[in-house]
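Asker: Data file run29.txt (compact mmCIF, C-alpha atoms and all ligand atoms) is appended below.
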# COMPACT_ATOMS: atom_id res chain seq x y z
CA MET F 100 15.39 -39.57 -55.18
CA PRO F 101 18.94 -38.83 -53.92
CA SER F 102 20.81 -41.74 -52.38
CA LEU F 103 21.51 -41.51 -48.64
CA GLU F 104 24.61 -43.72 -48.97
CA ASN F 105 28.26 -42.80 -48.63
CA THR F 106 29.74 -44.39 -51.74
CA SER F 107 33.32 -43.33 -51.08
CA ALA F 108 33.85 -45.82 -48.24
CA ARG F 109 33.14 -49.50 -47.69
CA VAL F 110 33.12 -52.20 -45.03
CA ILE F 111 35.02 -55.42 -45.76
CA LEU F 112 34.29 -58.53 -43.69
CA LYS F 113 36.80 -61.15 -42.59
CA PRO F 114 36.82 -64.42 -44.52
CA GLY F 115 33.91 -66.66 -43.54
CA ARG F 116 32.13 -63.88 -41.64
CA ASP F 117 29.44 -63.30 -44.27
CA LYS F 118 27.36 -66.25 -43.09
CA SER F 119 25.12 -64.41 -40.66
CA LEU F 120 24.37 -61.67 -43.22
CA LYS F 121 23.51 -64.34 -45.76
CA ASN F 122 21.15 -65.65 -43.08
CA ARG F 123 19.64 -62.14 -42.98
CA HIS F 124 20.80 -61.36 -39.47
CA PRO F 125 20.96 -57.55 -39.58
CA TRP F 126 23.93 -56.97 -37.26
CA VAL F 127 27.67 -57.15 -37.99
CA PHE F 128 29.79 -57.26 -34.83
CA SER F 129 33.18 -55.58 -34.61
CA GLY F 130 34.98 -58.97 -34.62
CA GLY F 131 33.66 -59.81 -38.10
CA ILE F 132 35.17 -56.79 -39.82
CA ALA F 133 38.55 -56.86 -41.63
CA ALA F 134 38.63 -53.17 -42.59
CA ILE F 135 36.60 -50.06 -43.23
CA GLU F 136 38.15 -48.33 -46.23
CA GLY F 137 37.70 -44.69 -47.23
CA GLU F 138 36.39 -41.55 -45.56
CA PHE F 139 33.23 -41.85 -43.50
CA ALA F 140 31.47 -40.33 -40.49
CA PRO F 141 29.85 -42.40 -37.69
CA GLY F 142 26.31 -43.30 -38.72
CA ASP F 143 27.01 -43.21 -42.47
CA ILE F 144 25.34 -45.79 -44.69
CA LEU F 145 28.10 -47.87 -46.30
CA PRO F 146 28.20 -50.86 -48.61
CA VAL F 147 29.32 -54.11 -46.94
CA PHE F 148 31.48 -56.56 -48.91
CA ALA F 149 32.43 -60.18 -48.21
CA ALA F 150 36.18 -60.96 -48.08
CA LYS F 151 35.88 -62.37 -51.60
CA GLY F 152 34.70 -58.99 -52.83
CA ASN F 153 30.97 -59.57 -53.44
CA LEU F 154 28.49 -56.94 -52.21
CA LEU F 155 26.32 -58.24 -49.35
CA GLY F 156 24.20 -55.18 -48.62
CA LYS F 157 24.23 -51.74 -47.04
CA GLY F 158 24.03 -50.59 -43.47
CA PHE F 159 24.74 -47.97 -40.85
CA VAL F 160 28.28 -48.03 -39.54
CA ASN F 161 29.13 -47.03 -35.98
CA PRO F 162 32.79 -47.40 -34.92
CA ALA F 163 31.86 -46.77 -31.26
CA SER F 164 29.41 -49.67 -31.01
CA GLN F 165 30.02 -53.42 -30.69
CA ILE F 166 27.23 -53.71 -33.24
CA ARG F 167 29.49 -52.14 -35.84
CA VAL F 168 27.03 -52.28 -38.76
CA ARG F 169 23.23 -52.49 -38.79
CA MET F 170 22.03 -53.63 -42.18
CA LEU F 171 19.30 -51.74 -43.99
CA THR F 172 19.34 -53.81 -47.16
CA ILE F 173 20.56 -57.25 -48.13
CA GLY F 174 21.72 -56.99 -51.74
CA GLY F 175 22.24 -53.99 -53.99
CA GLU F 176 19.09 -51.91 -53.42
CA THR F 177 19.80 -48.17 -53.07
CA VAL F 178 19.06 -46.61 -49.69
CA ASP F 179 17.09 -43.40 -50.18
CA ALA F 180 14.03 -41.73 -48.62
CA GLY F 181 11.89 -43.88 -50.93
CA LEU F 182 13.16 -47.04 -49.26
CA LEU F 183 12.27 -45.66 -45.83
CA GLU F 184 8.84 -44.72 -47.11
CA ARG F 185 8.23 -48.18 -48.54
CA ARG F 186 9.28 -49.86 -45.31
CA LEU F 187 6.97 -47.61 -43.29
CA GLY F 188 4.16 -48.39 -45.73
CA GLN F 189 4.73 -52.14 -45.28
CA ALA F 190 4.75 -51.71 -41.51
CA GLN F 191 1.46 -49.82 -41.67
CA ALA F 192 -0.13 -52.49 -43.90
CA LEU F 193 0.76 -55.19 -41.36
CA ARG F 194 -0.85 -53.22 -38.53
CA GLU F 195 -3.97 -52.50 -40.57
CA GLN F 196 -4.34 -56.20 -41.22
CA PHE F 197 -3.91 -57.41 -37.65
CA LEU F 198 -5.00 -54.70 -35.23
CA PRO F 199 -8.35 -55.22 -33.52
CA PRO F 200 -11.15 -52.79 -34.40
CA ASP F 201 -11.65 -49.56 -32.45
CA THR F 202 -7.94 -49.31 -31.71
CA ASP F 203 -5.87 -46.26 -32.61
CA ALA F 204 -2.80 -46.86 -30.44
CA TYR F 205 -0.15 -49.29 -31.63
CA ARG F 206 3.49 -49.76 -32.49
CA LEU F 207 3.91 -48.76 -36.14
CA VAL F 208 7.58 -49.70 -36.35
CA HIS F 209 9.34 -52.33 -34.26
CA GLY F 210 12.96 -51.87 -35.31
CA GLU F 211 14.78 -54.73 -36.98
CA ALA F 212 11.61 -56.82 -37.42
CA ASP F 213 10.21 -54.06 -39.67
CA LEU F 214 13.55 -53.76 -41.49
CA LEU F 215 14.20 -50.37 -39.88
CA PRO F 216 17.03 -51.11 -37.44
CA GLY F 217 17.10 -49.01 -34.29
CA LEU F 218 13.76 -47.31 -35.01
CA ILE F 219 10.64 -47.50 -32.83
CA ILE F 220 7.47 -45.58 -33.67
CA ASP F 221 4.39 -45.70 -31.44
CA ARG F 222 1.07 -44.13 -32.29
CA TYR F 223 -1.44 -42.78 -29.78
CA GLY F 224 -4.32 -41.46 -31.89
CA ASP F 225 -3.00 -38.28 -33.53
CA ASN F 226 0.13 -38.17 -31.39
CA TRP F 227 3.30 -40.08 -32.12
CA VAL F 228 6.41 -41.11 -30.22
CA VAL F 229 9.64 -41.92 -32.04
CA GLN F 230 12.74 -43.58 -30.60
CA PHE F 231 16.14 -43.73 -32.25
CA HIS F 232 18.25 -46.49 -30.72
CA ALA F 233 21.02 -46.41 -33.33
CA LEU F 234 23.19 -43.48 -34.37
CA GLY F 235 22.66 -44.06 -38.09
CA MET F 236 18.89 -44.10 -37.68
CA ALA F 237 19.05 -40.97 -35.49
CA ARG F 238 20.75 -39.17 -38.38
CA LEU F 239 17.69 -39.99 -40.52
CA LYS F 240 15.38 -38.23 -38.06
CA PRO F 241 14.41 -35.42 -40.50
CA GLN F 242 13.46 -37.94 -43.20
CA ILE F 243 11.44 -40.07 -40.77
CA VAL F 244 9.61 -37.03 -39.37
CA ASP F 245 8.82 -35.85 -42.93
CA ILE F 246 7.35 -39.22 -43.86
CA LEU F 247 5.19 -39.31 -40.72
CA LYS F 248 3.93 -35.78 -41.37
CA LYS F 249 3.07 -36.59 -44.97
CA ARG F 250 1.41 -39.93 -44.28
CA PHE F 251 -0.47 -39.27 -41.05
CA GLN F 252 -0.81 -35.47 -40.53
CA PRO F 253 0.07 -35.93 -36.85
CA ASN F 254 -0.94 -33.49 -34.15
CA ALA F 255 2.44 -33.92 -32.44
CA ILE F 256 5.60 -36.00 -32.71
CA LEU F 257 7.67 -36.61 -29.57
CA ASP F 258 11.22 -37.95 -29.64
CA ARG F 259 11.68 -39.81 -26.38
CA CYS F 260 14.39 -42.33 -25.78
CA GLU F 261 16.13 -42.94 -22.47
CA THR F 262 17.59 -46.46 -22.51
CA LYS F 263 21.10 -47.19 -21.22
CA ALA F 264 22.19 -48.75 -24.52
CA LEU F 265 22.12 -45.28 -26.09
CA THR F 266 25.51 -44.39 -24.59
CA GLU F 267 27.24 -47.18 -26.48
CA GLU F 268 25.76 -45.81 -29.69
CA GLY F 269 27.13 -42.34 -28.88
CA LEU F 270 23.60 -41.00 -28.43
CA THR F 271 22.23 -39.05 -25.48
CA PRO F 272 18.80 -39.48 -23.84
CA THR F 273 16.19 -37.29 -25.51
CA ARG F 274 12.79 -35.90 -24.68
CA GLU F 275 11.92 -33.38 -27.33
CA VAL F 276 8.76 -32.45 -29.21
CA LEU F 277 9.83 -32.49 -32.88
CA HIS F 278 6.54 -31.33 -34.34
CA GLY F 279 3.26 -29.76 -33.18
CA LYS F 280 2.02 -29.24 -29.64
CA LEU F 281 1.84 -32.28 -27.39
CA PRO F 282 -1.14 -32.33 -24.99
CA GLU F 283 -0.33 -33.09 -21.34
CA LYS F 284 -2.45 -36.20 -21.56
CA VAL F 285 -3.22 -37.86 -24.88
CA ARG F 286 -6.42 -39.81 -25.31
CA PHE F 287 -6.67 -42.96 -27.42
CA ARG F 288 -8.74 -46.09 -27.97
CA GLU F 289 -7.84 -49.71 -27.51
CA ASN F 290 -10.39 -52.45 -28.22
CA ASN F 291 -13.09 -49.79 -27.90
CA LEU F 292 -11.91 -48.76 -24.43
CA GLN F 293 -10.59 -45.27 -23.74
CA PHE F 294 -7.29 -44.39 -22.14
CA TYR F 295 -5.23 -41.37 -21.21
CA ALA F 296 -1.45 -41.59 -21.38
CA ASP F 297 1.24 -39.14 -20.39
CA LEU F 298 3.66 -39.49 -23.30
CA LEU F 299 6.23 -37.07 -21.92
CA ASP F 300 6.56 -38.29 -18.32
CA GLY F 301 4.82 -41.67 -18.30
CA GLN F 302 6.68 -44.98 -18.46
CA LYS F 303 8.03 -46.44 -21.71
CA THR F 304 6.46 -44.32 -24.48
CA GLY F 305 3.42 -43.62 -22.24
CA PHE F 306 1.57 -46.94 -22.31
CA PHE F 307 2.36 -50.65 -22.58
CA LEU F 308 0.99 -51.22 -26.06
CA ASP F 309 2.53 -54.70 -26.17
CA GLN F 310 0.05 -55.99 -23.56
CA ARG F 311 -3.07 -55.23 -25.63
CA ASP F 312 -3.87 -58.87 -26.44
CA ASN F 313 -3.16 -60.03 -22.89
CA ARG F 314 -5.46 -57.31 -21.55
CA ALA F 315 -8.23 -58.58 -23.86
CA LEU F 316 -7.57 -62.12 -22.61
CA ILE F 317 -7.94 -61.00 -18.99
CA GLY F 318 -11.09 -59.06 -19.93
CA ASN F 319 -12.57 -62.42 -20.92
CA VAL F 320 -11.29 -64.77 -18.25
CA ALA F 321 -11.77 -62.35 -15.33
CA ALA F 322 -15.34 -61.38 -16.25
CA GLY F 323 -17.37 -61.22 -13.04
CA LYS F 324 -14.38 -62.41 -10.97
CA ARG F 325 -12.11 -60.91 -8.31
CA LEU F 326 -8.98 -59.59 -10.04
CA LEU F 327 -5.70 -58.53 -8.45
CA ASN F 328 -3.71 -56.53 -11.01
CA CYS F 329 -0.10 -56.38 -9.78
CA PHE F 330 2.14 -53.77 -11.42
CA SER F 331 -1.08 -52.22 -12.74
CA TYR F 332 0.48 -49.00 -14.08
CA THR F 333 -2.47 -46.89 -15.37
CA GLY F 334 -5.06 -49.61 -14.89
CA GLY F 335 -5.08 -51.37 -18.28
CA PHE F 336 -5.80 -54.96 -17.22
CA SER F 337 -8.21 -53.80 -14.48
CA ILE F 338 -10.36 -51.78 -16.86
CA TYR F 339 -10.75 -54.63 -19.33
CA ALA F 340 -11.94 -56.84 -16.45
CA ALA F 341 -14.06 -54.17 -14.74
CA VAL F 342 -16.13 -53.41 -17.84
CA ASN F 343 -16.97 -57.13 -17.80
CA GLY F 344 -18.20 -56.97 -14.23
CA ALA F 345 -15.07 -57.96 -12.32
CA SER F 346 -14.23 -56.44 -8.95
CA THR F 347 -10.68 -55.21 -9.30
CA THR F 348 -7.69 -54.27 -7.18
CA SER F 349 -4.99 -52.26 -8.96
CA LEU F 350 -1.60 -52.28 -7.29
CA ASP F 351 1.40 -50.18 -8.29
CA ILE F 352 4.30 -48.51 -6.54
CA SER F 353 3.86 -45.33 -8.58
CA GLU F 354 1.38 -42.78 -7.26
CA PRO F 355 0.95 -40.91 -10.58
CA ALA F 356 0.24 -44.26 -12.29
CA ILE F 357 -2.48 -45.11 -9.75
CA ALA F 358 -3.98 -41.61 -10.07
CA LEU F 359 -4.16 -41.98 -13.85
CA ALA F 360 -5.64 -45.47 -13.43
CA GLN F 361 -8.54 -43.88 -11.51
CA GLU F 362 -9.03 -41.32 -14.28
CA ASN F 363 -9.01 -44.10 -16.85
CA PHE F 364 -11.75 -45.92 -14.92
CA ALA F 365 -13.91 -42.77 -15.03
CA LEU F 366 -13.13 -42.29 -18.73
CA ASN F 367 -14.75 -45.66 -19.38
CA GLY F 368 -17.85 -44.87 -17.34
CA LEU F 369 -16.71 -47.05 -14.43
CA ASP F 370 -17.19 -46.00 -10.82
CA ALA F 371 -13.64 -45.87 -9.44
CA GLN F 372 -15.07 -45.83 -5.88
CA ALA F 373 -16.36 -49.35 -6.41
CA HIS F 374 -12.84 -50.65 -7.08
CA ARG F 375 -9.63 -50.75 -5.04
CA PHE F 376 -6.48 -48.78 -5.92
CA ILE F 377 -3.39 -49.36 -3.83
CA THR F 378 -0.01 -47.66 -3.97
CA ALA F 379 2.33 -50.32 -2.58
CA ASN F 380 5.20 -52.65 -3.28
CA VAL F 381 3.96 -55.92 -4.81
CA PHE F 382 6.61 -57.91 -2.92
CA ASP F 383 5.13 -56.72 0.41
CA PHE F 384 1.50 -56.75 -0.58
CA LEU F 385 1.47 -60.36 -1.79
CA ARG F 386 2.87 -61.46 1.59
CA GLN F 387 -0.27 -60.29 3.41
CA PRO F 388 -2.19 -63.45 4.32
CA ASP F 389 -5.77 -64.51 3.61
CA GLN F 390 -6.52 -62.60 0.46
CA GLU F 391 -9.10 -63.91 -1.98
CA TYR F 392 -8.59 -63.47 -5.71
CA ASP F 393 -9.76 -65.56 -8.64
CA VAL F 394 -7.34 -63.99 -11.09
CA ILE F 395 -3.93 -62.43 -10.45
CA VAL F 396 -1.93 -60.55 -13.09
CA LEU F 397 1.84 -60.23 -12.68
CA ASP F 398 3.26 -57.80 -15.23
CA PRO F 399 6.44 -56.50 -13.60
CA PRO F 400 9.08 -54.24 -15.15
CA ALA F 401 12.13 -56.08 -16.54
CA PHE F 402 13.82 -57.45 -13.40
CA VAL F 403 16.83 -58.60 -15.44
CA LYS F 404 18.40 -55.55 -17.05
CA SER F 405 21.61 -57.22 -18.24
CA LYS F 406 23.14 -60.67 -18.63
CA LYS F 407 25.18 -60.10 -15.48
CA HIS F 408 22.08 -59.72 -13.31
CA ILE F 409 20.15 -62.82 -14.35
CA ASP F 410 20.35 -64.52 -10.92
CA LYS F 411 19.04 -61.58 -8.95
CA GLY F 412 16.25 -60.90 -11.46
CA ALA F 413 15.30 -64.57 -11.54
CA ARG F 414 14.86 -64.49 -7.75
CA GLY F 415 12.49 -61.53 -8.13
CA TYR F 416 10.39 -63.37 -10.70
CA LYS F 417 10.35 -66.50 -8.55
CA ASP F 418 9.25 -64.60 -5.44
CA ILE F 419 6.25 -62.90 -7.00
CA ASN F 420 5.19 -66.05 -8.84
CA ARG F 421 5.42 -68.18 -5.69
CA LEU F 422 3.42 -65.62 -3.71
CA ALA F 423 0.75 -65.26 -6.42
CA ILE F 424 0.42 -69.04 -6.91
CA LYS F 425 -0.03 -69.37 -3.13
CA GLN F 426 -2.59 -66.55 -2.90
CA VAL F 427 -4.89 -67.31 -5.79
CA ALA F 428 -8.14 -69.17 -5.11
CA ASP F 429 -8.52 -72.87 -5.91
CA GLY F 430 -9.12 -73.15 -9.66
CA GLY F 431 -7.92 -69.56 -10.07
CA LEU F 432 -5.72 -68.06 -12.77
CA VAL F 433 -2.36 -66.31 -12.73
CA LEU F 434 -1.23 -64.40 -15.82
CA THR F 435 2.51 -64.05 -15.42
CA CYS F 436 4.77 -62.04 -17.72
CA SER F 437 8.43 -61.28 -18.22
CA CYS F 438 9.50 -58.52 -20.57
CA SER F 439 13.22 -59.01 -19.99
CA PRO F 440 15.02 -60.05 -23.19
CA PHE F 441 17.68 -61.80 -21.07
CA VAL F 442 15.15 -64.27 -19.69
CA ASP F 443 14.14 -66.61 -22.52
CA TRP F 444 11.06 -68.83 -22.60
CA HIS F 445 12.94 -71.81 -21.26
CA LEU F 446 14.36 -69.95 -18.27
CA PHE F 447 11.05 -68.22 -17.57
CA GLN F 448 9.23 -71.52 -17.43
CA GLN F 449 11.95 -72.95 -15.17
CA ILE F 450 11.51 -70.02 -12.79
CA VAL F 451 7.74 -70.50 -12.70
CA PHE F 452 8.30 -74.25 -12.19
CA SER F 453 10.39 -73.57 -9.05
CA ALA F 454 7.81 -71.06 -7.85
CA ALA F 455 4.99 -73.60 -8.27
CA GLN F 456 7.02 -76.29 -6.52
CA GLU F 457 7.72 -74.04 -3.54
CA ALA F 458 4.09 -72.95 -3.40
CA GLY F 459 3.10 -76.62 -3.22
CA ARG F 460 0.17 -76.40 -5.62
CA GLN F 461 -0.75 -77.93 -8.96
CA VAL F 462 -0.21 -75.57 -11.86
CA GLN F 463 -1.42 -76.02 -15.42
CA ILE F 464 -0.27 -73.88 -18.36
CA LEU F 465 -3.33 -72.84 -20.39
CA ALA F 466 -1.71 -70.44 -22.87
CA ARG F 467 1.67 -68.96 -23.73
CA PRO F 468 1.08 -65.71 -25.54
CA GLY F 469 4.10 -63.83 -26.86
CA GLN F 470 4.29 -60.44 -28.54
CA PRO F 471 1.30 -59.06 -30.44
CA ALA F 472 1.44 -58.58 -34.23
CA ASP F 473 2.41 -54.91 -33.95
CA HIS F 474 5.57 -56.02 -32.09
CA PRO F 475 6.74 -58.62 -34.62
CA VAL F 476 9.93 -60.65 -34.26
CA SER F 477 12.10 -61.32 -37.30
CA ILE F 478 12.95 -65.01 -37.47
CA PHE F 479 16.44 -63.90 -38.49
CA HIS F 480 16.78 -61.60 -35.48
CA PRO F 481 15.57 -63.44 -32.37
CA GLU F 482 17.04 -60.63 -30.22
CA GLY F 483 13.84 -58.71 -30.99
CA GLU F 484 11.77 -61.07 -28.85
CA TYR F 485 11.28 -60.02 -25.24
CA LEU F 486 7.71 -60.55 -24.00
CA LYS F 487 6.78 -63.93 -22.59
CA THR F 488 3.50 -64.72 -20.88
CA LEU F 489 2.12 -67.83 -19.21
CA LEU F 490 -1.54 -68.15 -18.31
CA LEU F 491 -1.59 -70.53 -15.35
CA ARG F 492 -4.44 -72.34 -13.62
CA VAL F 493 -3.83 -73.25 -10.03
CA VAL F 494 -5.59 -76.19 -8.37
CA GLU F 495 -5.18 -77.96 -5.07
CA ALA F 496 -2.85 -80.95 -5.28
N1 LIG Y 1 0.47 -53.98 -16.71
C1 LIG Y 1 0.68 -52.61 -17.06
C2 LIG Y 1 2.13 -52.27 -17.29
C3 LIG Y 1 3.06 -52.59 -16.13
S1 LIG Y 1 4.59 -51.77 -16.21
C4 LIG Y 1 -0.20 -52.24 -18.26
O1 LIG Y 1 -0.87 -53.11 -18.82
O2 LIG Y 1 -0.24 -51.06 -18.61
C5 LIG Y 1 5.30 -52.12 -14.67
C6 LIG Y 1 4.75 -51.30 -13.49
O3 LIG Y 1 5.31 -51.83 -12.31
C7 LIG Y 1 5.07 -49.83 -13.50
O4 LIG Y 1 3.88 -49.11 -13.45
C8 LIG Y 1 5.89 -49.61 -12.18
O5 LIG Y 1 5.55 -48.40 -11.52
C9 LIG Y 1 5.45 -50.78 -11.35
N2 LIG Y 1 6.37 -51.29 -10.33
C10 LIG Y 1 7.71 -51.48 -10.42
N3 LIG Y 1 8.18 -52.08 -9.31
C11 LIG Y 1 7.11 -52.27 -8.48
C12 LIG Y 1 6.94 -52.88 -7.19
N4 LIG Y 1 7.98 -53.41 -6.55
N5 LIG Y 1 5.71 -52.91 -6.66
C13 LIG Y 1 4.64 -52.38 -7.32
N6 LIG Y 1 4.75 -51.83 -8.56
C14 LIG Y 1 5.97 -51.77 -9.13
Could you write out this file's structure as structure tokens?
Answerer:
Amino acid sequence: MPSLENTSARVILKPGRDKSLKNRHPWVFSGGIAAIEGEFAPGDILPVFAAKGNLLGKGFVNPASQIRVRMLTIGGETVDAGLLERRLGQAQALREQFLPPDTDAYRLVHGEADLLPGLIIDRYGDNWVVQFHALGMARLKPQIVDILKKRFQPNAILDRCETKALTEEGLTPTREVLHGKLPEKVRFRENNLQFYADLLDGQKTGFFLDQRDNRALIGNVAAGKRLLNCFSYTGGFSIYAAVNGASTTSLDISEPAIALAQENFALNGLDAQAHRFITANVFDFLRQPDQEYDVIVLDPPAFVKSKKHIDKGARGYKDINRLAIKQVADGGLVLTCSCSPFVDWHLFQQIVFSAAQEAGRQVQILARPGQPADHPVSIFHPEGEYLKTLLLRVVEA
């Protein structure tokens, strides 16, 4: 198999800057580099040498990005299509081992944690969404698409990536069907429930696959109870609870999301008329007095989008948590999430602490789920962790 490397150029690190690579951290920042020698194009795969001259590994180079090199291998292994195929195979094996039965929607590749830096691949039944967050990985698009076609015979592959960080990589937002014909709504199964998702115009890659385990948790603890699902999107948490006899209220600011939530209820044989669907702002809705819920879910979008905006985002998290802790019935549960990578576990718990204090109620933490197994975090790359959840029980003081 032909090598994908550029062997006529090389990256040389400054003295003492090989430590993080030796610790398997996959990023080399611009400040750690002494020189890049030879002819290369942005995105090329180059060998990376320590100052002393020993080969450390190979990675994508991008002179425009602060993350100057993203490592694909540690050591001397050749980077070719075979390596990509092996990594995809390992990623698939992990998912096969850990996914619940009757589930055909999941994240096949979660970037650095699956040793494929900058690459995200989500599966929705026969339809796939790929995201290229790094220039070097984007240049391997044809190889990645070929592997997916060979391995999975997909109906369609959509390339959809719109994050702000793309600009720094020299990439532009994309929304392009790379293969096949994408249906307007794709249908898939999760824990034996059925869902529609709009991969082209929906949020994220169409569905919040990372909340699968939390949805199952709510399906259990909200059985037969009154559930308020804040930031409900297309109804995920509500449907898990409703099939177990809960009466549900789904609340989202997006009208198309609420409309699709109603369709998803029907798809699961549930009578949407028997449940409440509200298009509103959570911050306003939770301020309405005298509501009665046994379980409240708070799964907001990332309120903190950059390090600079931590204070403002933290206020948002505190507000909704205080309001939910106040509203929920005595002995009730609040499942509260933050998907912002800039809010770590410690800060998140501090925010919820302040919220509980201001609400003036007793709060117990019953569980702290993180990311599901199809969104793994490499211990060497903690930057890949973003989802934090606390399951709270609220009792009168
Ligand atoms: N829990 C969902 C995913 C939530 S994503 C699931 O399991 O699928 C976050 C949602 O919050 C989006 O649907 C977005 O439309 C909605 N949203 C953002 N700001 C909001 C606000 N202020 N009030 C209500 N909904 C909001």
Asker: Using only C-alpha atoms, which residues sit within 8 Å of segment 217-221 of chain F once same-chain residues fewer than 6 positions away are excluded, as a PDB file with C-alpha atoms, keeping the file's coordinate frame?
Answerer:
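Written output follows (out-v8.pdb):
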ATOM      1  CA  ALA F 204      -2.800 -46.860 -30.440  1.00  0.00           C
ATOM      2  CA  TYR F 205      -0.150 -49.290 -31.630  1.00  0.00           C
ATOM      3  CA  ARG F 206       3.490 -49.760 -32.490  1.00  0.00           C
ATOM      4  CA  LEU F 207       3.910 -48.760 -36.140  1.00  0.00           C
ATOM      5  CA  VAL F 208       7.580 -49.700 -36.350  1.00  0.00           C
ATOM      6  CA  HIS F 209       9.340 -52.330 -34.260  1.00  0.00           C
ATOM      7  CA  GLY F 210      12.960 -51.870 -35.310  1.00  0.00           C
ATOM      8  CA  GLU F 211      14.780 -54.730 -36.980  1.00  0.00           C
ATOM      9  CA  TRP F 227       3.300 -40.080 -32.120  1.00  0.00           C
ATOM     10  CA  VAL F 228       6.410 -41.110 -30.220  1.00  0.00           C
ATOM     11  CA  VAL F 229       9.640 -41.920 -32.040  1.00  0.00           C
ATOM     12  CA  GLN F 230      12.740 -43.580 -30.600  1.00  0.00           C
ATOM     13  CA  PHE F 231      16.140 -43.730 -32.250  1.00  0.00           C
ATOM     14  CA  HIS F 232      18.250 -46.490 -30.720  1.00  0.00           C
ATOM     15  CA  ALA F 233      21.020 -46.410 -33.330  1.00  0.00           C
ATOM     16  CA  MET F 236      18.890 -44.100 -37.680  1.00  0.00           C
ATOM     17  CA  THR F 304       6.460 -44.320 -24.480  1.00  0.00           C
TER      18      THR F 304
END
Asker: With distances taken over only C-alpha atoms and all ligand atoms, which of F:Asp473, F:Asp143, F:Glu482, F:Glu289 is nearest to ligand LIG 1 (chain Y)?
Answerer: F:Glu289
Asker: Please, which residues have at least one atom within 6 Å of an atom of ligand LIG 1 (chain Y), using only C-alpha atoms and all ligand atoms, listed as a PyMOL selection string?
Answerer: chain F and resi 306-307+310+330-333+335-336+351-353+379-382+398-400
Asker: Grab the atom CA of Thr271 of chain F to atom CA of Ala237 of chain F distance for me, in Å with one decimal place.
Answerer: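 One can read the atom CA of Thr271 of chain F to atom CA of Ala237 of chain F distance as 10.7 Å.
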Asker: Do a neighbour search on Phe479 of chain F at 10 Å with only C-alpha atoms, toss out local chain neighbours closer than 5 positions, and write the hits as a VMD selection string.
Answerer: chain F and resid 119 to 120 122 to 125 211 to 212
Asker: Now that the selection is made, can you save its residues with C-alpha atoms as a PDB file, in the frame of the given file?
Answerer:
ATOM      1  CA  SER F 119      25.120 -64.410 -40.660  1.00  0.00           C
ATOM      2  CA  LEU F 120      24.370 -61.670 -43.220  1.00  0.00           C
ATOM      3  CA  ASN F 122      21.150 -65.650 -43.080  1.00  0.00           C
ATOM      4  CA  ARG F 123      19.640 -62.140 -42.980  1.00  0.00           C
ATOM      5  CA  HIS F 124      20.800 -61.360 -39.470  1.00  0.00           C
ATOM      6  CA  PRO F 125      20.960 -57.550 -39.580  1.00  0.00           C
ATOM      7  CA  GLU F 211      14.780 -54.730 -36.980  1.00  0.00           C
ATOM      8  CA  ALA F 212      11.610 -56.820 -37.420  1.00  0.00           C
TER       9      ALA F 212
END
